[in-house]
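Text of entry_2.csv, listed as CSV, N, CA and C atoms:
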```csv
chain,number,residue,atom,x,y,z
A,1,MET,N,-88.8,24.7,34.4
A,1,MET,CA,-89.1,24.2,33.1
A,1,MET,C,-88.1,23.1,32.6
A,2,GLU,N,-88.6,22.1,32.0
A,2,GLU,CA,-87.7,21.1,31.5
A,2,GLU,C,-87.1,21.5,30.2
A,3,LEU,N,-86.0,20.8,29.8
A,3,LEU,CA,-85.3,21.2,28.6
A,3,LEU,C,-86.2,21.1,27.3
A,4,LEU,N,-87.0,20.0,27.2
A,4,LEU,CA,-87.9,19.9,26.1
A,4,LEU,C,-88.8,21.1,26.0
A,5,GLY,N,-89.4,21.5,27.1
A,5,GLY,CA,-90.3,22.7,27.1
A,5,GLY,C,-89.6,23.9,26.6
A,6,GLY,N,-88.3,24.1,27.1
A,6,GLY,CA,-87.5,25.3,26.6
A,6,GLY,C,-87.3,25.3,25.1
A,7,ILE,N,-87.0,24.1,24.6
A,7,ILE,CA,-86.8,24.0,23.2
A,7,ILE,C,-88.0,24.4,22.4
A,8,ARG,N,-89.1,23.8,22.8
A,8,ARG,CA,-90.4,24.1,22.2
A,8,ARG,C,-90.8,25.6,22.2
A,9,HIS,N,-90.5,26.2,23.4
A,9,HIS,CA,-90.8,27.7,23.4
A,9,HIS,C,-90.0,28.5,22.4
A,10,VAL,N,-88.8,28.1,22.3
A,10,VAL,CA,-87.9,28.9,21.3
A,10,VAL,C,-88.4,28.6,19.9
A,11,GLU,N,-88.7,27.3,19.6
A,11,GLU,CA,-89.2,27.0,18.3
A,11,GLU,C,-90.5,27.8,18.0
A,12,HIS,N,-91.4,27.8,18.9
A,12,HIS,CA,-92.7,28.6,18.7
A,12,HIS,C,-92.4,30.1,18.5
A,13,ALA,N,-91.5,30.6,19.4
A,13,ALA,CA,-91.3,32.0,19.3
A,13,ALA,C,-90.7,32.5,18.0
A,14,ILE,N,-89.7,31.7,17.5
A,14,ILE,CA,-89.0,32.2,16.2
A,14,ILE,C,-89.9,32.0,15.0
A,15,GLN,N,-91.0,31.2,15.1
A,15,GLN,CA,-91.9,31.0,14.0
A,15,GLN,C,-93.0,32.1,13.9
A,16,THR,N,-93.1,32.9,14.9
A,16,THR,CA,-94.1,34.0,14.7
A,16,THR,C,-93.5,35.1,13.8
A,17,PRO,N,-94.4,35.9,13.3
A,17,PRO,CA,-93.9,37.0,12.4
A,17,PRO,C,-93.0,38.0,13.0
A,18,ALA,N,-91.9,38.2,12.4
A,18,ALA,CA,-90.9,39.1,13.0
A,18,ALA,C,-91.3,40.6,12.9
A,19,TRP,N,-92.3,40.9,12.1
A,19,TRP,CA,-92.8,42.3,12.0
A,19,TRP,C,-93.6,42.6,13.3
A,20,ASP,N,-94.1,41.6,14.0
A,20,ASP,CA,-94.9,41.9,15.2
A,20,ASP,C,-94.0,42.5,16.2
A,21,PRO,N,-94.4,43.7,16.8
A,21,PRO,CA,-93.5,44.3,17.8
A,21,PRO,C,-93.2,43.4,19.0
A,22,ALA,N,-94.0,42.4,19.3
A,22,ALA,CA,-93.8,41.5,20.4
A,22,ALA,C,-92.8,40.4,20.0
A,23,TRP,N,-92.3,40.3,18.8
A,23,TRP,CA,-91.5,39.2,18.4
A,23,TRP,C,-90.2,39.2,19.2
A,24,ARG,N,-89.4,40.2,19.2
A,24,ARG,CA,-88.1,40.2,20.0
A,24,ARG,C,-88.3,39.9,21.5
A,25,PRO,N,-89.3,40.6,22.1
A,25,PRO,CA,-89.5,40.2,23.5
A,25,PRO,C,-89.9,38.7,23.7
A,26,ARG,N,-90.7,38.2,22.8
A,26,ARG,CA,-91.2,36.9,22.9
A,26,ARG,C,-90.0,35.9,22.7
A,27,VAL,N,-89.2,36.2,21.7
A,27,VAL,CA,-88.0,35.3,21.5
A,27,VAL,C,-87.0,35.4,22.7
A,28,SER,N,-86.9,36.6,23.2
A,28,SER,CA,-86.0,36.8,24.3
A,28,SER,C,-86.4,36.0,25.5
A,29,ARG,N,-87.7,36.1,25.8
A,29,ARG,CA,-88.2,35.3,26.9
A,29,ARG,C,-88.0,33.8,26.7
A,30,ALA,N,-88.3,33.3,25.5
A,30,ALA,CA,-88.1,31.9,25.2
A,30,ALA,C,-86.7,31.5,25.4
A,31,VAL,N,-85.8,32.3,24.9
A,31,VAL,CA,-84.3,32.0,25.0
A,31,VAL,C,-83.9,32.0,26.5
A,32,ALA,N,-84.5,32.9,27.2
A,32,ALA,CA,-84.2,32.9,28.7
A,32,ALA,C,-84.7,31.7,29.4
A,33,GLN,N,-85.9,31.2,29.0
A,33,GLN,CA,-86.4,30.0,29.5
A,33,GLN,C,-85.5,28.8,29.1
A,34,LEU,N,-85.1,28.8,27.9
A,34,LEU,CA,-84.2,27.7,27.5
A,34,LEU,C,-82.9,27.7,28.2
A,35,ARG,N,-82.4,28.9,28.4
A,35,ARG,CA,-81.1,29.0,29.2
A,35,ARG,C,-81.3,28.5,30.6
A,36,ALA,N,-82.4,28.8,31.3
A,36,ALA,CA,-82.7,28.3,32.6
A,36,ALA,C,-82.8,26.8,32.6
A,37,ALA,N,-83.6,26.3,31.7
A,37,ALA,CA,-83.8,24.8,31.6
A,37,ALA,C,-82.5,24.1,31.3
A,38,PHE,N,-81.6,24.7,30.5
A,38,PHE,CA,-80.3,24.1,30.2
A,38,PHE,C,-79.4,24.1,31.4
A,39,ALA,N,-79.4,25.2,32.1
A,39,ALA,CA,-78.6,25.3,33.3
A,39,ALA,C,-79.1,24.3,34.3
A,40,GLU,N,-80.4,24.0,34.4
A,40,GLU,CA,-80.9,23.0,35.3
A,40,GLU,C,-80.4,21.6,34.8
A,41,HIS,N,-80.5,21.4,33.5
A,41,HIS,CA,-80.0,20.1,32.9
A,41,HIS,C,-78.5,19.9,33.3
A,42,VAL,N,-77.7,20.9,33.2
A,42,VAL,CA,-76.3,20.8,33.5
A,42,VAL,C,-76.1,20.5,34.9
A,43,ASP,N,-76.8,21.1,35.8
A,43,ASP,CA,-76.7,20.8,37.3
A,43,ASP,C,-77.1,19.4,37.6
A,44,LEU,N,-78.2,18.9,36.9
A,44,LEU,CA,-78.6,17.6,37.2
A,44,LEU,C,-77.7,16.5,36.7
A,45,THR,N,-77.0,16.8,35.6
A,45,THR,CA,-76.1,15.8,35.0
A,45,THR,C,-74.7,15.9,35.5
A,46,GLU,N,-74.1,17.1,35.6
A,46,GLU,CA,-72.7,17.3,36.0
A,46,GLU,C,-72.5,17.5,37.5
A,47,GLY,N,-73.6,17.9,38.1
A,47,GLY,CA,-73.4,18.3,39.5
A,47,GLY,C,-73.0,17.2,40.4
A,48,PRO,N,-72.6,17.5,41.7
A,48,PRO,CA,-72.3,16.4,42.6
A,48,PRO,C,-73.4,15.4,42.7
A,49,GLY,N,-73.1,14.2,42.6
A,49,GLY,CA,-74.1,13.1,42.6
A,49,GLY,C,-75.0,13.2,41.4
A,50,GLY,N,-74.6,13.9,40.4
A,50,GLY,CA,-75.4,14.0,39.2
A,50,GLY,C,-75.5,12.7,38.4
A,51,LEU,N,-76.3,12.7,37.4
A,51,LEU,CA,-76.5,11.6,36.5
A,51,LEU,C,-75.3,11.0,35.9
A,52,TYR,N,-74.4,11.8,35.4
A,52,TYR,CA,-73.2,11.3,34.7
A,52,TYR,C,-72.3,10.6,35.7
A,53,ALA,N,-72.2,11.1,36.9
A,53,ALA,CA,-71.3,10.4,37.9
A,53,ALA,C,-71.9,9.0,38.2
A,54,GLY,N,-73.2,8.9,38.4
A,54,GLY,CA,-73.8,7.6,38.6
A,54,GLY,C,-73.7,6.6,37.5
A,55,VAL,N,-73.9,7.1,36.3
A,55,VAL,CA,-73.7,6.2,35.1
A,55,VAL,C,-72.3,5.8,34.9
A,56,LEU,N,-71.3,6.7,35.1
A,56,LEU,CA,-69.9,6.4,35.0
A,56,LEU,C,-69.5,5.3,36.1
A,57,GLY,N,-70.1,5.4,37.2
A,57,GLY,CA,-69.9,4.4,38.2
A,57,GLY,C,-70.3,3.0,37.8
A,58,ASP,N,-71.3,2.9,37.0
A,58,ASP,CA,-71.8,1.7,36.4
A,58,ASP,C,-71.2,1.3,35.1
A,59,ALA,N,-70.8,2.2,34.3
A,59,ALA,CA,-70.2,2.0,33.0
A,59,ALA,C,-69.0,2.9,32.7
A,60,PRO,N,-67.9,2.6,33.4
A,60,PRO,CA,-66.7,3.5,33.2
A,60,PRO,C,-66.2,3.5,31.8
A,61,ARG,N,-66.5,2.5,31.0
A,61,ARG,CA,-66.0,2.4,29.7
A,61,ARG,C,-66.5,3.5,28.8
A,62,LEU,N,-67.6,4.2,29.3
A,62,LEU,CA,-68.2,5.3,28.5
A,62,LEU,C,-67.6,6.7,28.9
A,63,ALA,N,-66.6,6.8,29.7
A,63,ALA,CA,-66.1,8.0,30.3
A,63,ALA,C,-65.8,9.0,29.2
A,64,ARG,N,-65.1,8.6,28.1
A,64,ARG,CA,-64.7,9.6,27.1
A,64,ARG,C,-66.0,10.2,26.4
A,65,ARG,N,-66.9,9.3,26.2
A,65,ARG,CA,-68.2,9.8,25.5
A,65,ARG,C,-69.0,10.8,26.4
A,66,PHE,N,-69.0,10.5,27.7
A,66,PHE,CA,-69.6,11.4,28.6
A,66,PHE,C,-68.8,12.7,28.7
A,67,SER,N,-67.6,12.7,28.6
A,67,SER,CA,-66.8,13.9,28.5
A,67,SER,C,-67.2,14.8,27.4
A,68,GLY,N,-67.5,14.1,26.2
A,68,GLY,CA,-68.1,14.9,25.1
A,68,GLY,C,-69.4,15.6,25.4
A,69,LEU,N,-70.2,14.9,26.2
A,69,LEU,CA,-71.5,15.6,26.6
A,69,LEU,C,-71.2,16.8,27.5
A,70,VAL,N,-70.2,16.7,28.3
A,70,VAL,CA,-69.8,17.9,29.2
A,70,VAL,C,-69.3,19.0,28.3
A,71,ASP,N,-68.5,18.6,27.3
A,71,ASP,CA,-68.0,19.7,26.3
A,71,ASP,C,-69.2,20.3,25.6
A,72,ASP,N,-70.2,19.5,25.2
A,72,ASP,CA,-71.5,20.0,24.6
A,72,ASP,C,-72.1,21.1,25.5
A,73,HIS,N,-72.1,20.9,26.8
A,73,HIS,CA,-72.7,21.8,27.7
A,73,HIS,C,-72.1,23.2,27.6
A,74,GLU,N,-70.8,23.3,27.5
A,74,GLU,CA,-70.1,24.5,27.4
A,74,GLU,C,-70.4,25.2,26.0
A,75,THR,N,-70.4,24.4,25.0
A,75,THR,CA,-70.7,24.9,23.6
A,75,THR,C,-72.1,25.5,23.6
A,76,VAL,N,-73.1,24.7,24.1
A,76,VAL,CA,-74.5,25.2,24.1
A,76,VAL,C,-74.6,26.4,25.0
A,77,ARG,N,-74.0,26.4,26.1
A,77,ARG,CA,-74.1,27.6,27.0
A,77,ARG,C,-73.6,28.8,26.3
A,78,SER,N,-72.5,28.7,25.7
A,78,SER,CA,-71.9,29.8,24.9
A,78,SER,C,-72.8,30.3,23.8
A,79,ALA,N,-73.4,29.4,23.1
A,79,ALA,CA,-74.3,29.7,22.0
A,79,ALA,C,-75.5,30.4,22.6
A,80,LEU,N,-76.0,30.0,23.7
A,80,LEU,CA,-77.2,30.6,24.3
A,80,LEU,C,-76.8,32.1,24.7
A,81,ASP,N,-75.7,32.2,25.3
A,81,ASP,CA,-75.2,33.6,25.7
A,81,ASP,C,-75.1,34.5,24.5
A,82,GLU,N,-74.5,34.0,23.5
A,82,GLU,CA,-74.3,34.8,22.3
A,82,GLU,C,-75.6,35.2,21.7
A,83,LEU,N,-76.5,34.2,21.5
A,83,LEU,CA,-77.8,34.6,21.0
A,83,LEU,C,-78.6,35.6,21.8
A,84,SER,N,-78.5,35.4,23.1
A,84,SER,CA,-79.2,36.3,24.1
A,84,SER,C,-78.6,37.7,23.9
A,85,GLY,N,-77.3,37.9,23.7
A,85,GLY,CA,-76.7,39.2,23.5
A,85,GLY,C,-77.1,39.8,22.2
A,86,ARG,N,-77.5,39.1,21.2
A,86,ARG,CA,-77.7,39.6,19.9
A,86,ARG,C,-79.2,39.9,19.6
A,87,LEU,N,-80.1,39.5,20.5
A,87,LEU,CA,-81.5,39.6,20.3
A,87,LEU,C,-82.0,41.0,20.2
A,88,ASP,N,-81.4,41.9,20.8
A,88,ASP,CA,-81.9,43.3,20.8
A,88,ASP,C,-81.6,44.0,19.5
A,89,HIS,N,-80.5,43.6,18.8
A,89,HIS,CA,-80.1,44.4,17.6
A,89,HIS,C,-79.9,43.5,16.4
A,90,GLY,N,-79.9,42.2,16.5
A,90,GLY,CA,-79.7,41.4,15.3
A,90,GLY,C,-80.8,41.4,14.3
A,91,GLU,N,-80.5,41.1,13.1
A,91,GLU,CA,-81.5,41.0,12.0
A,91,GLU,C,-82.3,39.7,12.2
A,92,ALA,N,-83.7,39.8,12.1
A,92,ALA,CA,-84.6,38.7,12.5
A,92,ALA,C,-84.3,37.4,11.8
A,93,ASN,N,-84.0,37.4,10.5
A,93,ASN,CA,-83.8,36.1,9.8
A,93,ASN,C,-82.5,35.5,10.3
A,94,ALA,N,-81.5,36.3,10.5
A,94,ALA,CA,-80.2,35.8,11.1
A,94,ALA,C,-80.4,35.2,12.5
A,95,LEU,N,-81.2,35.9,13.3
A,95,LEU,CA,-81.5,35.4,14.6
A,95,LEU,C,-82.3,34.1,14.6
A,96,ARG,N,-83.2,34.0,13.7
A,96,ARG,CA,-84.0,32.7,13.5
A,96,ARG,C,-83.1,31.6,13.1
A,97,TRP,N,-82.2,31.8,12.2
A,97,TRP,CA,-81.3,30.8,11.7
A,97,TRP,C,-80.4,30.4,12.9
A,98,GLU,N,-79.9,31.3,13.6
A,98,GLU,CA,-79.0,31.1,14.8
A,98,GLU,C,-79.8,30.3,15.9
A,99,ALA,N,-81.0,30.7,16.1
A,99,ALA,CA,-81.8,30.0,17.1
A,99,ALA,C,-82.1,28.5,16.7
A,100,ALA,N,-82.4,28.4,15.4
A,100,ALA,CA,-82.7,27.0,14.8
A,100,ALA,C,-81.5,26.1,14.9
A,101,GLN,N,-80.3,26.7,14.7
A,101,GLN,CA,-79.0,25.9,14.8
A,101,GLN,C,-78.8,25.5,16.3
A,102,LEU,N,-79.1,26.4,17.2
A,102,LEU,CA,-79.0,26.2,18.6
A,102,LEU,C,-80.0,25.1,19.1
A,103,ILE,N,-81.2,25.1,18.6
A,103,ILE,CA,-82.2,24.1,18.9
A,103,ILE,C,-81.7,22.8,18.4
A,104,GLN,N,-81.2,22.7,17.2
A,104,GLN,CA,-80.6,21.5,16.7
A,104,GLN,C,-79.5,20.9,17.5
A,105,ALA,N,-78.6,21.8,18.0
A,105,ALA,CA,-77.5,21.4,18.8
A,105,ALA,C,-78.0,20.8,20.2
A,106,VAL,N,-79.1,21.4,20.7
A,106,VAL,CA,-79.6,20.9,22.0
A,106,VAL,C,-80.3,19.5,21.7
A,107,TRP,N,-81.0,19.4,20.6
A,107,TRP,CA,-81.7,18.1,20.3
A,107,TRP,C,-80.6,17.0,20.1
A,108,ASP,N,-79.5,17.4,19.4
A,108,ASP,CA,-78.5,16.4,19.2
A,108,ASP,C,-77.8,16.0,20.5
A,109,HIS,N,-77.6,16.9,21.4
A,109,HIS,CA,-77.0,16.6,22.7
A,109,HIS,C,-77.9,15.7,23.5
A,110,ARG,N,-79.2,16.0,23.5
A,110,ARG,CA,-80.2,15.1,24.2
A,110,ARG,C,-80.1,13.7,23.6
A,111,GLN,N,-80.1,13.6,22.3
A,111,GLN,CA,-80.0,12.3,21.7
A,111,GLN,C,-78.8,11.5,22.1
A,112,ARG,N,-77.6,12.2,22.0
A,112,ARG,CA,-76.4,11.6,22.4
A,112,ARG,C,-76.4,11.1,23.8
A,113,GLY,N,-77.0,11.9,24.7
A,113,GLY,CA,-77.1,11.5,26.1
A,113,GLY,C,-78.0,10.3,26.3
A,114,ALA,N,-79.2,10.3,25.5
A,114,ALA,CA,-80.1,9.1,25.6
A,114,ALA,C,-79.4,7.9,25.1
A,115,ASP,N,-78.7,8.0,24.0
A,115,ASP,CA,-78.0,6.9,23.4
A,115,ASP,C,-76.9,6.3,24.4
A,116,LEU,N,-76.2,7.2,25.1
A,116,LEU,CA,-75.2,6.7,26.1
A,116,LEU,C,-75.9,6.0,27.3
A,117,LEU,N,-77.0,6.5,27.7
A,117,LEU,CA,-77.8,5.9,28.8
A,117,LEU,C,-78.2,4.5,28.4
A,118,TYR,N,-78.7,4.4,27.2
A,118,TYR,CA,-79.1,3.1,26.6
A,118,TYR,C,-77.9,2.2,26.6
A,119,GLU,N,-76.8,2.6,26.1
A,119,GLU,CA,-75.7,1.8,26.0
A,119,GLU,C,-75.2,1.4,27.3
A,120,ALA,N,-75.2,2.2,28.3
A,120,ALA,CA,-74.7,1.9,29.6
A,120,ALA,C,-75.6,0.8,30.3
A,121,TYR,N,-76.9,0.9,30.1
A,121,TYR,CA,-77.8,0.0,30.8
A,121,TYR,C,-78.5,-1.1,30.0
A,122,GLU,N,-78.5,-1.0,28.7
A,122,GLU,CA,-79.2,-2.0,27.9
A,122,GLU,C,-78.3,-2.8,27.0
A,123,THR,N,-77.0,-2.4,26.9
A,123,THR,CA,-76.1,-3.2,26.1
A,123,THR,C,-75.5,-4.4,26.8
A,124,ASP,N,-75.7,-5.5,26.3
A,124,ASP,CA,-75.1,-6.7,26.9
A,124,ASP,C,-73.7,-6.9,26.4
A,125,LEU,N,-72.8,-6.8,27.3
A,125,LEU,CA,-71.4,-7.0,26.9
A,125,LEU,C,-70.9,-8.4,27.0
A,126,GLY,N,-71.8,-9.3,27.4
A,126,GLY,CA,-71.5,-10.7,27.5
A,126,GLY,C,-70.7,-11.0,28.7
A,127,GLY,N,-70.3,-12.2,28.9
A,127,GLY,CA,-69.4,-12.6,30.0
A,127,GLY,C,-70.2,-13.1,31.2
A,128,GLU,N,-71.5,-12.9,31.2
A,128,GLU,CA,-72.3,-13.3,32.4
A,128,GLU,C,-72.9,-14.7,32.0
A,129,THR,N,-73.0,-15.6,33.0
A,129,THR,CA,-73.5,-16.9,32.8
A,129,THR,C,-74.8,-17.1,33.5
```
Encoding of this model in structure tokens:
Amino acid sequence: MELLGGIRHVEHAIQTPAWDPAWRPRVSRAVAQLRAAFAEHVDLTEGPGGLYAGVLGDAPRLARRFSGLVDDHETVRSALDELSGRLDHGEANALRWEAAQLIQAVWDHRQRGADLLYEAYETDLGGET
């Protein structure tokens, strides 16, 4: 599953009524899917020959900002682990809030990555004749 699909599954799951006995299992499955999609995203971006290495080869000036994306990965991974651990016993409204914050963090991360890719390949630094 791709990252966007994982985000959407969590969004849909937390919007269903919490009084439904299937709510927690549904949210748990959605968070597990997002965790798997995020792990795949990290492998594709940070892994050997990953996207970040290729972009940094073309635009080394962006190294510090890509380092921030790597830091995001650890932050999001930790938040996913924490949410997963609380799903069995946490209060539904608190879990919804936590999941919504996590979704926002993943959206923000995706946008920062897209902005950096745009900057790496679409920004004219001048100097060419």
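Remark: for Leu62 of chain A, the closest of the candidate residues A:Ala120, A:Leu102, A:Ala32, A:Val76 is A:Ala120 (distances computed over all atoms listed in the file).
Atom CA of Ala99 of chain A lies 28.4 Å from atom CA of Arg64 of chain A.
Using only C-alpha atoms, the nearest neighbour of Arg65 of chain A within the list A:Ala100, A:Tyr52, A:Leu4, A:Ala39 is A:Tyr52.
For the residues A:Asn93, A:Ile103, A:Arg77, A:Glu122, ranking by smallest atom-to-atom distance to Glu11 of chain A using all atoms listed in the file places A:Ile103 first.
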Nearest residue to His41 of chain A out of A:Glu2, A:Ser67, A:Thr75, A:His9, using all atoms listed in the file? A:Glu2
Assign secondary structure with DSSP using the backbone only, and return the residues of chain A in helix (DSSP H, G or I) as a PyMOL selection string. chain A and resi 3-15+23-46+51-58+60-86+92-122
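With all atoms listed in the file as the basis for measurement, A:Leu83 is the residue among A:Leu3, A:Leu83, A:Ala59, A:Ala114 that approaches Leu95 of chain A most closely.
Of note, atom CA of Arg8 of chain A and atom N of Arg26 of chain A are spaced 14.1 Å apart.
What separates atom CA of Asp81 of chain A from atom CA of Gln101 of chain A is a distance of 13.9 Å.
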Surrounding residues of Leu69 of chain A excluding itself and chain neighbours under 6 positions, 8 Å, only N, CA and C atoms, as number ranges by chain: A: 63, 109, 112-113
Same residues, N, CA and C atoms, output as a PDB file, in the frame of the given file:
```
ATOM      1  N   ALA A  63     -66.600   6.800  29.700  1.00  0.00           N
ATOM      2  CA  ALA A  63     -66.100   8.000  30.300  1.00  0.00           C
ATOM      3  C   ALA A  63     -65.800   9.000  29.200  1.00  0.00           C
ATOM      4  N   HIS A 109     -77.600  16.900  21.400  1.00  0.00           N
ATOM      5  CA  HIS A 109     -77.000  16.600  22.700  1.00  0.00           C
ATOM      6  C   HIS A 109     -77.900  15.700  23.500  1.00  0.00           C
ATOM      7  N   ARG A 112     -77.600  12.200  22.000  1.00  0.00           N
ATOM      8  CA  ARG A 112     -76.400  11.600  22.400  1.00  0.00           C
ATOM      9  C   ARG A 112     -76.400  11.100  23.800  1.00  0.00           C
ATOM     10  N   GLY A 113     -77.000  11.900  24.700  1.00  0.00           N
ATOM     11  CA  GLY A 113     -77.100  11.500  26.100  1.00  0.00           C
ATOM     12  C   GLY A 113     -78.000  10.300  26.300  1.00  0.00           C
TER      13      GLY A 113
END
```
Choose the residue, out of A:Met1, A:Val55, A:Val27, A:Leu44, that has the smallest atom-to-atom separation from Tyr121 of chain A; count only N, CA and C atoms. A:Val55
Which protein, DNA or RNA residues are at most 5 Å from (-72.9, 17.3, 32.3) in the file's coordinates when you count only N, CA and C atoms, listed as a list in words? Thr45, Glu46 and Val70 of chain A
